[in-house]
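Asker: Please find input-v2.cif (mmCIF, C-alpha atoms) on the next line:
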data_my_file
loop_
_atom_site.label_atom_id
_atom_site.label_comp_id
_atom_site.auth_asym_id
_atom_site.auth_seq_id
_atom_site.Cartn_x
_atom_site.Cartn_y
_atom_site.Cartn_z
CA MET P 1 -20.30 12.53 -46.77
CA LYS P 2 -22.14 12.09 -43.48
CA VAL P 3 -21.07 9.44 -41.02
CA ASP P 4 -23.61 6.65 -40.62
CA LYS P 5 -24.62 5.71 -37.05
CA ALA P 6 -24.73 1.99 -37.85
CA GLU P 7 -21.11 2.28 -38.96
CA VAL P 8 -20.18 3.89 -35.64
CA LEU P 9 -22.07 1.18 -33.76
CA GLN P 10 -20.05 -1.47 -35.62
CA LEU P 11 -16.83 0.36 -34.85
CA ILE P 12 -17.74 0.41 -31.15
CA LYS P 13 -18.43 -3.32 -31.26
CA ASP P 14 -15.08 -3.95 -32.96
CA VAL P 15 -13.25 -2.32 -30.05
CA GLY P 16 -14.03 -5.48 -28.08
CA LEU P 17 -16.42 -4.42 -25.33
CA THR P 18 -17.45 -6.96 -22.73
CA ILE P 19 -21.05 -5.67 -22.83
CA ASP P 20 -23.62 -6.30 -25.56
CA ILE P 21 -23.99 -2.80 -26.98
CA ASP P 22 -26.78 -3.96 -29.36
CA LYS P 23 -29.15 -4.16 -26.41
CA PHE P 24 -29.05 -0.38 -26.04
CA GLY P 25 -30.47 2.23 -28.40
CA TYR P 26 -28.59 4.93 -30.28
CA ASP P 27 -29.70 7.49 -27.69
CA ALA P 28 -28.80 5.39 -24.65
CA SER P 29 -26.06 6.60 -22.32
CA LEU P 30 -22.91 4.62 -23.09
CA GLN P 31 -21.72 5.14 -19.53
CA LYS P 32 -24.93 3.71 -18.08
CA ALA P 33 -24.68 0.82 -20.52
CA GLY P 34 -21.33 -0.06 -18.93
CA VAL P 35 -18.81 1.61 -21.23
CA ASP P 36 -16.06 2.77 -18.87
CA SER P 37 -13.48 5.52 -19.38
CA LEU P 38 -10.89 3.15 -20.85
CA ASP P 39 -13.34 1.69 -23.37
CA MET P 40 -14.38 5.22 -24.25
CA ALA P 41 -10.78 6.27 -24.90
CA ASN P 42 -10.41 3.25 -27.17
CA ILE P 43 -13.66 4.02 -29.02
CA LEU P 44 -12.63 7.64 -29.57
CA LEU P 45 -9.21 6.60 -30.87
CA SER P 46 -10.81 4.13 -33.29
CA ILE P 47 -13.11 6.89 -34.54
CA GLU P 48 -10.22 9.33 -34.95
CA GLU P 49 -8.21 6.77 -36.89
CA LYS P 50 -11.10 5.70 -39.14
CA TYR P 51 -12.40 9.17 -39.98
CA GLY P 52 -9.15 11.15 -39.79
CA VAL P 53 -10.48 13.66 -37.26
CA LYS P 54 -9.21 14.94 -33.93
CA LEU P 55 -11.78 14.85 -31.12
CA ILE P 56 -10.90 17.47 -28.52
CA ASP P 57 -11.46 16.68 -24.81
CA SER P 58 -13.39 19.93 -24.28
CA GLU P 59 -15.94 18.86 -26.91
CA LEU P 60 -16.46 15.43 -25.41
CA TRP P 61 -17.77 16.18 -21.95
CA ARG P 62 -21.45 15.89 -22.94
CA VAL P 63 -21.08 13.17 -25.58
CA ASP P 64 -22.50 10.00 -24.06
CA SER P 65 -24.53 8.24 -26.76
CA ILE P 66 -23.95 6.93 -30.25
CA ASN P 67 -26.18 9.63 -31.72
CA ALA P 68 -24.26 12.35 -29.87
CA LEU P 69 -20.98 10.85 -31.07
CA VAL P 70 -22.21 10.78 -34.68
CA GLU P 71 -23.36 14.38 -34.41
CA LEU P 72 -19.98 15.49 -33.03
CA LEU P 73 -18.19 13.47 -35.67
CA ASN P 74 -20.15 15.08 -38.51
CA ARG P 75 -19.41 18.52 -37.06
CA SER P 76 -15.71 17.66 -36.77
CA LYS P 77 -15.56 16.31 -40.31
CA LYS P 78 -17.25 19.44 -41.61
CA SER P 79 -14.80 21.76 -39.82
CA HIS P 80 -11.91 19.59 -41.04
CA ASN P 81 -13.11 19.92 -44.64
CA VAL P 82 -13.35 23.69 -44.23
CA MET C 1 30.27 -7.94 -26.13
CA ILE C 2 28.42 -6.37 -23.21
CA GLY C 3 24.97 -7.77 -22.41
CA ILE C 4 22.64 -8.84 -19.60
CA GLN C 5 24.16 -11.41 -17.24
CA ALA C 6 21.68 -11.32 -14.35
CA ILE C 7 18.67 -9.43 -13.00
CA ALA C 8 17.43 -9.11 -9.43
CA SER C 9 14.74 -7.04 -7.81
CA TYR C 10 13.32 -5.60 -4.65
CA ILE C 11 9.59 -5.29 -4.13
CA PRO C 12 8.57 -3.78 -0.78
CA SER C 13 6.48 -6.18 1.29
CA THR C 14 3.93 -3.53 2.32
CA ARG C 15 0.94 -3.56 0.00
CA GLU C 16 -1.86 -1.08 -0.53
CA SER C 17 -5.06 -2.73 -1.71
CA ASN C 18 -7.01 -1.16 -4.56
CA TYR C 19 -10.16 -2.91 -3.34
CA LEU C 20 -10.17 -0.40 -0.47
CA LYS C 21 -10.46 2.41 -3.01
CA LYS C 22 -13.57 1.06 -4.78
CA LYS C 23 -15.99 3.24 -2.86
CA GLN C 24 -13.79 6.34 -3.03
CA PHE C 25 -13.61 6.14 -6.83
CA ASP C 26 -16.97 4.45 -7.50
CA ILE C 27 -15.47 1.49 -9.33
CA LYS C 28 -16.37 -2.19 -9.52
CA ASP C 29 -14.29 -5.34 -9.09
CA ASN C 30 -14.51 -6.02 -12.82
CA PHE C 31 -12.97 -2.65 -13.68
CA LEU C 32 -10.11 -3.24 -11.27
CA GLU C 33 -9.44 -6.79 -12.32
CA SER C 34 -9.97 -6.72 -16.09
CA LYS C 35 -9.08 -3.14 -16.96
CA ILE C 36 -6.65 -1.64 -14.45
CA GLY C 37 -5.27 -5.07 -13.58
CA VAL C 38 -3.65 -3.79 -10.39
CA LEU C 39 -5.15 -5.36 -7.27
CA GLN C 40 -2.55 -4.15 -4.81
CA LYS C 41 0.50 -1.95 -5.02
CA PRO C 42 3.82 -2.31 -3.17
CA ARG C 43 4.63 0.73 -1.07
CA LYS C 44 8.05 1.61 0.27
CA ALA C 45 8.35 2.73 3.88
CA ASP C 46 8.19 6.49 4.45
CA ASP C 47 11.82 6.60 5.55
CA GLU C 48 13.02 4.30 2.77
CA GLU C 49 14.86 6.21 0.06
CA THR C 50 15.27 5.41 -3.62
CA SER C 51 18.90 4.46 -2.95
CA ASP C 52 17.79 2.08 -0.17
CA MET C 53 15.56 0.27 -2.66
CA CYS C 54 18.51 -0.05 -5.04
CA VAL C 55 20.66 -1.47 -2.25
CA ARG C 56 17.98 -4.07 -1.47
CA ALA C 57 17.92 -5.07 -5.14
CA PHE C 58 21.72 -5.35 -5.10
CA GLU C 59 21.54 -7.58 -2.00
CA ALA C 60 19.13 -9.84 -3.89
CA LEU C 61 21.58 -9.93 -6.81
CA THR C 62 24.49 -10.99 -4.60
CA LYS C 63 22.36 -13.88 -3.32
CA LYS C 64 21.59 -15.22 -6.78
CA ASP C 65 24.81 -14.34 -8.62
CA ASN C 66 28.40 -14.43 -7.46
CA VAL C 67 29.02 -10.70 -7.89
CA GLN C 68 31.23 -8.68 -5.55
CA ASN C 69 30.97 -4.93 -4.94
CA ASN C 70 34.70 -4.45 -5.60
CA GLU C 71 34.42 -5.75 -9.17
CA ILE C 72 31.75 -3.25 -10.25
CA ASP C 73 33.13 -0.69 -12.73
CA CYS C 74 30.03 1.45 -13.15
CA ILE C 75 26.73 2.14 -11.40
CA ILE C 76 23.83 3.71 -13.25
CA VAL C 77 20.49 4.57 -11.65
CA CYS C 78 17.49 5.27 -13.85
CA THR C 79 15.01 7.37 -11.85
CA GLN C 80 12.95 10.54 -11.86
CA ASN C 81 12.30 10.27 -8.12
CA PRO C 82 15.84 10.31 -6.77
CA ASP C 83 16.99 10.70 -3.18
CA GLY C 84 16.34 14.22 -1.98
CA ASN C 85 16.12 16.44 -5.02
CA GLY C 86 18.72 14.58 -7.02
CA LEU C 87 21.76 16.33 -5.60
CA PRO C 88 23.92 14.39 -5.18
CA HIS C 89 23.02 11.85 -7.82
CA THR C 90 21.41 8.73 -6.37
CA SER C 91 23.97 6.46 -8.09
CA ALA C 92 26.71 8.04 -5.93
CA ILE C 93 24.66 7.37 -2.80
CA VAL C 94 24.12 3.76 -3.89
CA HIS C 95 27.86 3.47 -4.58
CA GLY C 96 28.53 4.60 -1.01
CA LYS C 97 25.96 2.28 0.52
CA ILE C 98 27.25 -0.82 -1.27
CA TYR C 99 30.89 0.16 -0.59
CA GLY C 100 31.83 0.39 -4.25
CA LYS C 101 35.47 0.79 -5.21
CA ASP C 102 36.92 4.24 -6.00
CA ASN C 103 37.58 3.62 -9.69
CA CYS C 104 33.89 3.10 -10.41
CA ALA C 105 31.80 5.40 -12.61
CA ALA C 106 28.40 6.46 -11.30
CA PHE C 107 25.67 8.55 -12.90
CA ASP C 108 21.89 8.83 -13.05
CA ILE C 109 19.61 8.74 -16.07
CA SER C 110 16.39 10.77 -15.93
CA LEU C 111 13.78 8.79 -17.81
CA GLY C 112 10.52 7.07 -16.87
CA CYS C 113 8.77 4.18 -18.54
CA SER C 114 11.11 4.04 -21.55
CA GLY C 115 14.11 4.28 -19.23
CA TYR C 116 15.17 0.65 -19.07
CA ILE C 117 15.77 0.38 -22.81
CA TYR C 118 17.53 3.75 -23.05
CA SER C 119 19.64 2.85 -20.02
CA LEU C 120 20.59 -0.55 -21.41
CA SER C 121 21.85 1.18 -24.54
CA VAL C 122 23.72 3.91 -22.64
CA ALA C 123 25.23 1.48 -20.13
CA SER C 124 26.37 -1.13 -22.64
CA SER C 125 27.82 1.52 -25.00
CA PHE C 126 29.55 3.35 -22.12
CA MET C 127 31.04 0.13 -20.82
CA ALA C 128 32.22 -0.99 -24.26
CA ALA C 129 33.74 2.43 -25.06
CA ASN C 130 35.66 2.49 -21.79
CA ALA C 131 36.59 -1.19 -21.52
CA LEU C 132 34.57 -1.69 -18.33
CA LYS C 133 33.91 -5.30 -17.39
CA LYS C 134 30.97 -5.25 -14.99
CA GLY C 135 28.27 -2.66 -14.48
CA LEU C 136 25.07 -2.33 -12.47
CA LEU C 137 22.00 -0.74 -14.01
CA PHE C 138 19.40 0.10 -11.40
CA THR C 139 15.80 1.13 -12.00
CA ALA C 140 13.96 2.65 -9.03
CA ASP C 141 11.24 5.24 -9.47
CA PRO C 142 8.95 5.21 -6.41
CA TYR C 143 5.94 7.17 -7.60
CA SER C 144 4.42 6.92 -4.12
CA LYS C 145 6.49 10.07 -3.48
CA ILE C 146 4.34 12.05 -5.91
CA VAL C 147 1.01 10.24 -6.42
CA ASP C 148 -2.03 12.04 -5.02
CA PRO C 149 -4.09 9.39 -3.17
CA GLU C 150 -7.25 11.30 -4.16
CA ASP C 151 -6.48 11.13 -7.89
CA LYS C 152 -8.35 8.27 -9.58
CA ASN C 153 -6.22 8.55 -12.74
CA THR C 154 -2.97 7.68 -11.01
CA SER C 155 -3.51 6.35 -7.49
CA LEU C 156 -4.75 2.94 -8.70
CA LEU C 157 -1.82 2.33 -11.00
CA PHE C 158 1.66 2.87 -9.66
CA GLY C 159 3.69 0.56 -7.43
CA ASP C 160 7.14 0.96 -5.86
CA ALA C 161 9.91 -1.43 -6.87
CA ALA C 162 13.59 -1.50 -7.79
CA THR C 163 15.60 -3.75 -10.07
CA VAL C 164 19.26 -4.23 -10.83
CA THR C 165 20.65 -5.61 -14.06
CA LEU C 166 24.19 -6.92 -14.08
CA LEU C 167 25.84 -6.07 -17.39
CA SER C 168 29.03 -7.89 -18.30
CA GLU C 169 31.06 -9.58 -21.02
CA GLU C 170 29.44 -12.89 -20.06
CA PRO C 171 25.86 -12.16 -21.07
CA VAL C 172 22.83 -14.40 -21.15
CA LEU C 173 21.03 -11.90 -23.39
CA LYS C 174 22.61 -9.49 -25.84
CA ILE C 175 20.95 -6.26 -26.87
CA SER C 176 20.21 -5.47 -30.51
CA ASN C 177 17.98 -3.53 -32.88
CA ILE C 178 17.15 -0.66 -30.55
CA ALA C 179 14.83 2.16 -31.63
CA PHE C 180 13.98 5.38 -29.77
CA GLY C 181 11.26 7.99 -29.98
CA THR C 182 10.29 11.29 -28.33
CA ARG C 183 7.19 13.47 -28.62
CA GLY C 184 8.09 16.43 -26.45
CA LYS C 185 5.17 18.57 -27.63
CA ASP C 186 2.88 16.35 -25.54
CA TYR C 187 5.00 16.38 -22.37
CA GLU C 188 2.12 17.82 -20.32
CA SER C 189 0.17 14.56 -20.72
CA LEU C 190 2.21 13.08 -17.86
CA GLN C 191 4.09 15.40 -15.56
CA ARG C 192 4.88 16.37 -12.00
CA LYS C 193 3.24 19.66 -11.12
CA GLY C 194 3.47 21.09 -7.61
CA ASN C 195 5.10 17.84 -6.52
CA ARG C 196 2.03 15.88 -7.62
CA LEU C 197 1.74 13.56 -10.59
CA GLN C 198 -0.77 14.56 -13.26
CA MET C 199 -1.82 12.29 -16.10
CA ASN C 200 -4.15 12.72 -19.05
CA GLY C 201 -5.22 9.09 -19.39
CA ARG C 202 -6.77 9.43 -22.84
CA ALA C 203 -3.68 11.15 -24.25
CA ILE C 204 -1.39 8.47 -22.84
CA PHE C 205 -3.64 5.73 -24.20
CA ASN C 206 -3.69 7.28 -27.69
CA PHE C 207 0.07 7.77 -27.60
CA SER C 208 0.74 4.18 -26.54
CA MET C 209 -1.58 2.66 -29.13
CA THR C 210 -0.22 4.69 -32.03
CA VAL C 211 3.56 4.70 -31.45
CA VAL C 212 4.38 1.32 -29.91
CA PRO C 213 3.12 -1.16 -32.55
CA PRO C 214 4.90 0.51 -35.51
CA GLN C 215 8.16 0.77 -33.57
CA ILE C 216 8.04 -2.90 -32.59
CA GLN C 217 7.19 -3.91 -36.15
CA LYS C 218 10.11 -1.80 -37.41
CA ILE C 219 12.74 -3.37 -35.14
CA VAL C 220 11.46 -6.89 -35.78
CA LYS C 221 11.59 -6.24 -39.53
CA SER C 222 15.13 -4.85 -39.23
CA PHE C 223 16.01 -8.08 -37.44
CA ASN C 224 14.81 -9.88 -40.62
CA HIS C 225 12.04 -11.59 -38.71
CA GLY C 226 8.27 -11.42 -38.37
CA LEU C 227 6.31 -10.97 -35.16
CA ASP C 228 5.62 -14.72 -35.13
CA ASP C 229 9.35 -15.40 -34.78
CA ILE C 230 9.55 -13.53 -31.47
CA ASP C 231 9.23 -15.78 -28.41
CA LEU C 232 8.25 -13.14 -25.87
CA PHE C 233 7.02 -9.55 -25.85
CA VAL C 234 7.78 -7.75 -22.61
CA LEU C 235 5.75 -4.57 -22.78
CA HIS C 236 5.82 -1.79 -20.23
CA GLN C 237 3.03 -2.51 -17.74
CA GLY C 238 1.11 0.74 -18.14
CA SER C 239 -2.14 -0.96 -17.18
CA LYS C 240 -3.76 -4.28 -18.07
CA TYR C 241 -5.96 -2.52 -20.60
CA ILE C 242 -2.99 -0.91 -22.36
CA VAL C 243 -1.10 -4.22 -22.53
CA ASP C 244 -4.23 -6.06 -23.73
CA MET C 245 -5.01 -3.47 -26.40
CA LEU C 246 -1.41 -3.37 -27.66
CA ARG C 247 -1.46 -7.15 -27.91
CA ARG C 248 -4.75 -6.97 -29.80
CA ARG C 249 -3.47 -4.29 -32.19
CA MET C 250 -0.42 -6.38 -33.05
CA ASN C 251 -2.40 -9.63 -33.05
CA LEU C 252 0.05 -11.26 -30.63
CA ASP C 253 -0.44 -14.62 -28.92
CA ILE C 254 -1.62 -13.97 -25.34
CA ASN C 255 0.89 -16.54 -24.05
CA LYS C 256 3.75 -14.45 -25.44
CA VAL C 257 2.75 -11.25 -23.65
CA PRO C 258 3.14 -11.68 -19.88
CA THR C 259 1.73 -9.26 -17.34
CA LYS C 260 2.88 -8.62 -13.81
CA LEU C 261 0.46 -6.00 -12.64
CA ALA C 262 -1.87 -7.63 -10.11
CA ASP C 263 0.61 -7.60 -7.26
CA CYS C 264 3.14 -4.98 -8.44
CA GLY C 265 1.27 -2.31 -10.35
CA ASN C 266 2.96 -0.07 -12.89
CA THR C 267 6.52 0.23 -11.59
CA ILE C 268 7.69 2.64 -14.34
CA SER C 269 11.24 1.77 -15.51
CA SER C 270 11.22 -1.38 -13.35
CA SER C 271 8.25 -3.02 -15.06
CA ILE C 272 10.26 -4.56 -17.92
CA PRO C 273 13.21 -5.94 -15.90
CA LEU C 274 10.76 -7.31 -13.28
CA ILE C 275 9.26 -9.53 -15.98
CA LEU C 276 12.58 -10.24 -17.72
CA GLU C 277 13.93 -11.56 -14.41
CA ASP C 278 11.38 -14.41 -14.61
CA TYR C 279 12.46 -15.40 -18.14
CA LEU C 280 16.20 -14.74 -18.02
CA ASN C 281 17.20 -18.34 -17.39
CA ARG C 282 14.61 -20.02 -19.60
CA PRO C 283 16.50 -21.02 -22.75
CA GLU C 284 13.34 -21.65 -24.78
CA TYR C 285 12.90 -17.85 -25.00
CA LYS C 286 15.51 -16.99 -27.61
CA ASN C 287 14.32 -13.72 -29.11
CA ILE C 288 12.62 -11.26 -26.77
CA VAL C 289 11.14 -7.87 -27.66
CA ILE C 290 11.12 -5.24 -24.91
CA SER C 291 9.23 -1.98 -25.27
CA GLY C 292 8.81 0.93 -22.85
CA PHE C 293 6.67 4.04 -23.32
CA GLY C 294 5.37 6.90 -21.22
CA VAL C 295 6.54 10.14 -19.62
CA GLY C 296 8.27 12.54 -22.02
CA LEU C 297 6.51 11.45 -24.04
CA SER C 298 9.21 8.93 -24.75
CA TRP C 299 9.32 5.42 -26.11
CA ALA C 300 11.95 2.82 -26.96
CA SER C 301 12.03 -0.82 -28.04
CA ALA C 302 14.77 -3.41 -28.49
CA ILE C 303 15.33 -7.06 -29.24
CA LEU C 304 17.20 -9.24 -26.77
CA ASN C 305 18.83 -12.36 -28.23
CA ARG C 306 19.86 -15.33 -26.13
CA VAL C 307 23.58 -15.96 -26.35
#
Would you write out, as structure tokens, the structure that this file holds?
Answerer:
Amino acid sequence: MKVDKAEVLQLIKDVGLTIDIDKFGYDASLQKAGVDSLDMANILLSIEEKYGVKLIDSELWRVDSINALVELLNRSKKSHNV
Amino acid sequence: MIGIQAIASYIPSTRESNYLKKKQFDIKDNFLESKIGVLQKPRKADDEETSDMCVRAFEALTKKDNVQNNEIDCIIVCTQNPDGNGLPHTSAIVHGKIYGKDNCAAFDISLGCSGYIYSLSVASSFMAANALKKGLLFTADPYSKIVDPEDKNTSLLFGDAATVTLLSEEPVLKISNIAFGTRGKDYESLQRKGNRLQMNGRAIFNFSMTVVPPQIQKIVKSFNHGLDDIDLFVLHQGSKYIVDMLRRRMNLDINKVPTKLADCGNTISSSIPLILEDYLNRPEYKNIVISGFGVGLSWASAILNRV
């Protein structure tokens, strides 16, 4: 089953960011929106725990939006299922 | 029963401000203050050795507690940045500098952020097994020896400090319900390479968030209590963000989870005793959880009960 981007948005909000992530679109750069490296580590851990995947550092360097995260997550889930 | 009688510390007066590094690392005040939590870091003098820091902590102990060097039966130093290259062991050098008696045991323990809890267990067991009355457990791990000032991951975090814990048969706090953990397969996440510290921040964050809460819950359960029954949680001061997120994961009252980062930074094995020192003589804190985690990767937690 594919991961839903609204679900990922909610998960990011649940991490407890100090910025209002709703103000930014699914394609917006999370870094430019104010998500720092520590928040990002927390978001990635929450995703790994929720979806049971392992997100490798080398795959993350160009992931900077919710849509890009969802795409990576669906790829990771697929390879996990294989 | 051997336990903690007194704690004293030495924090070098020289400070290095993190605000001066904002431009170098392109960071804002908010990131420093609410995430890293370290505003300035104590720095030892260039010619000040690890053993010198221990001696200063011992001098502070003699001022607050009536302890004499000739009644100390064992000296243990927890460090991974010893004098020289660790030969001889720093505890022997400390023994010499404080004029310890001949029939005094002295050895080092090589552990980082989990080191205080491991060392408490080793020291108290060693003393009990050998009928020793008074022992000194030092923590002193000056990372300024190995931190690269150009490395954003580490140069904002670590401060130099030393502590000494007097262990005796007249304790204020006794040690119970200890648990240990090691994940050696991930040792590269935090290591010295080419005499420089290297840290994978994301790996350390994931490790801390996933191993610490279950270990604390386990020891509290084995103590037949719930988290609400614990008066104080003294967590290793990895960073403000790590402490905040651990507190959030365990749903702990913010007033029960002190931090001491702003002026001290992450002082490795000294971070827990530095906070404990502030609460040692406050009888309202009866049951205290301590938990250290980091290099190794290694982690350990214990409950301290007021006697």
Asker: Taking 3 positions as the minimum chain separation for residues in the same chain, which residues sit within 6 Å of Leu190 (chain C) when counting all atoms listed in the file? Answer as a tab-separated table (two decimals) with C-alpha atoms, keeping the file's coordinate frame.
Answerer:
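The resulting file, out-v3.tsv, is shown below:
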chain	number	residue	atom	x	y	z
C	198	GLN	CA	-0.77	14.56	-13.26
C	199	MET	CA	-1.82	12.29	-16.10
C	295	VAL	CA	6.54	10.14	-19.62
Asker: Starting from the shown file, work through the PyMOL selection byres ((chain C) within 8 of (chain P)) and note down what comes out as an MDAnalysis selection string.
Answerer: chainID C and resid 35 202 205:206 241
Asker: May I ask for the distance between CA of Ile275 (chain C) and CA of Thr182 (chain C), given in Å to one decimal place?
Answerer: 24.2 Å
Asker: Between P:Val35, P:Leu17, P:Leu9, P:Leu73, which is the closest to Tyr51 (chain P) once you count only C-alpha atoms?
Answerer: P:Leu73
Asker: May I have the residues within 10 Å of Asp253 (chain C) as a ChimeraX atom specification, using all atoms listed in the file and disregarding those fewer than 4 positions away in the same chain?
Answerer: /C:227-228,231-233,247-248,257
Asker: Go ahead and write the residues just picked, C-alpha atoms, as a compact mmCIF listing (two decimals), in the coordinates of the input.
Answerer:
# COMPACT_ATOMS: atom_id res chain seq x y z
CA LEU C 227 6.31 -10.97 -35.16
CA ASP C 228 5.62 -14.72 -35.13
CA ASP C 231 9.23 -15.78 -28.41
CA LEU C 232 8.25 -13.14 -25.87
CA PHE C 233 7.02 -9.55 -25.85
CA ARG C 247 -1.46 -7.15 -27.91
CA ARG C 248 -4.75 -6.97 -29.80
CA VAL C 257 2.75 -11.25 -23.65
Asker: Can you pull out every residue within 8 Å of Lys5 (chain P), counting only C-alpha atoms, but drop anything in the same chain fewer than 5 positions away, and send it as number ranges by chain?
Answerer: P: 26, 66-67, 70
Asker: For the provided coordinates, the residues matched by the PyMOL selection byres ((chain C and resi 29-34) around 9) should be stated as an MDAnalysis selection string.
Answerer: (chainID P and resid 36) or (chainID C and resid 18:19 22 27:28 35:39 156 240:241 262)
Asker: So how far away is CA of Cys74 (chain C) from CA of Cys104 (chain C), in Å?
Answerer: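 Between these atoms lies a distance of 5.0 Å.
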Asker: Taking the file as shown, find all residues satisfying the PyMOL selection byres ((chain C and resi 188) around 12) and write them as number ranges by chain.
Answerer: C: 183-187, 189-193, 197-201, 203-204, 294-297
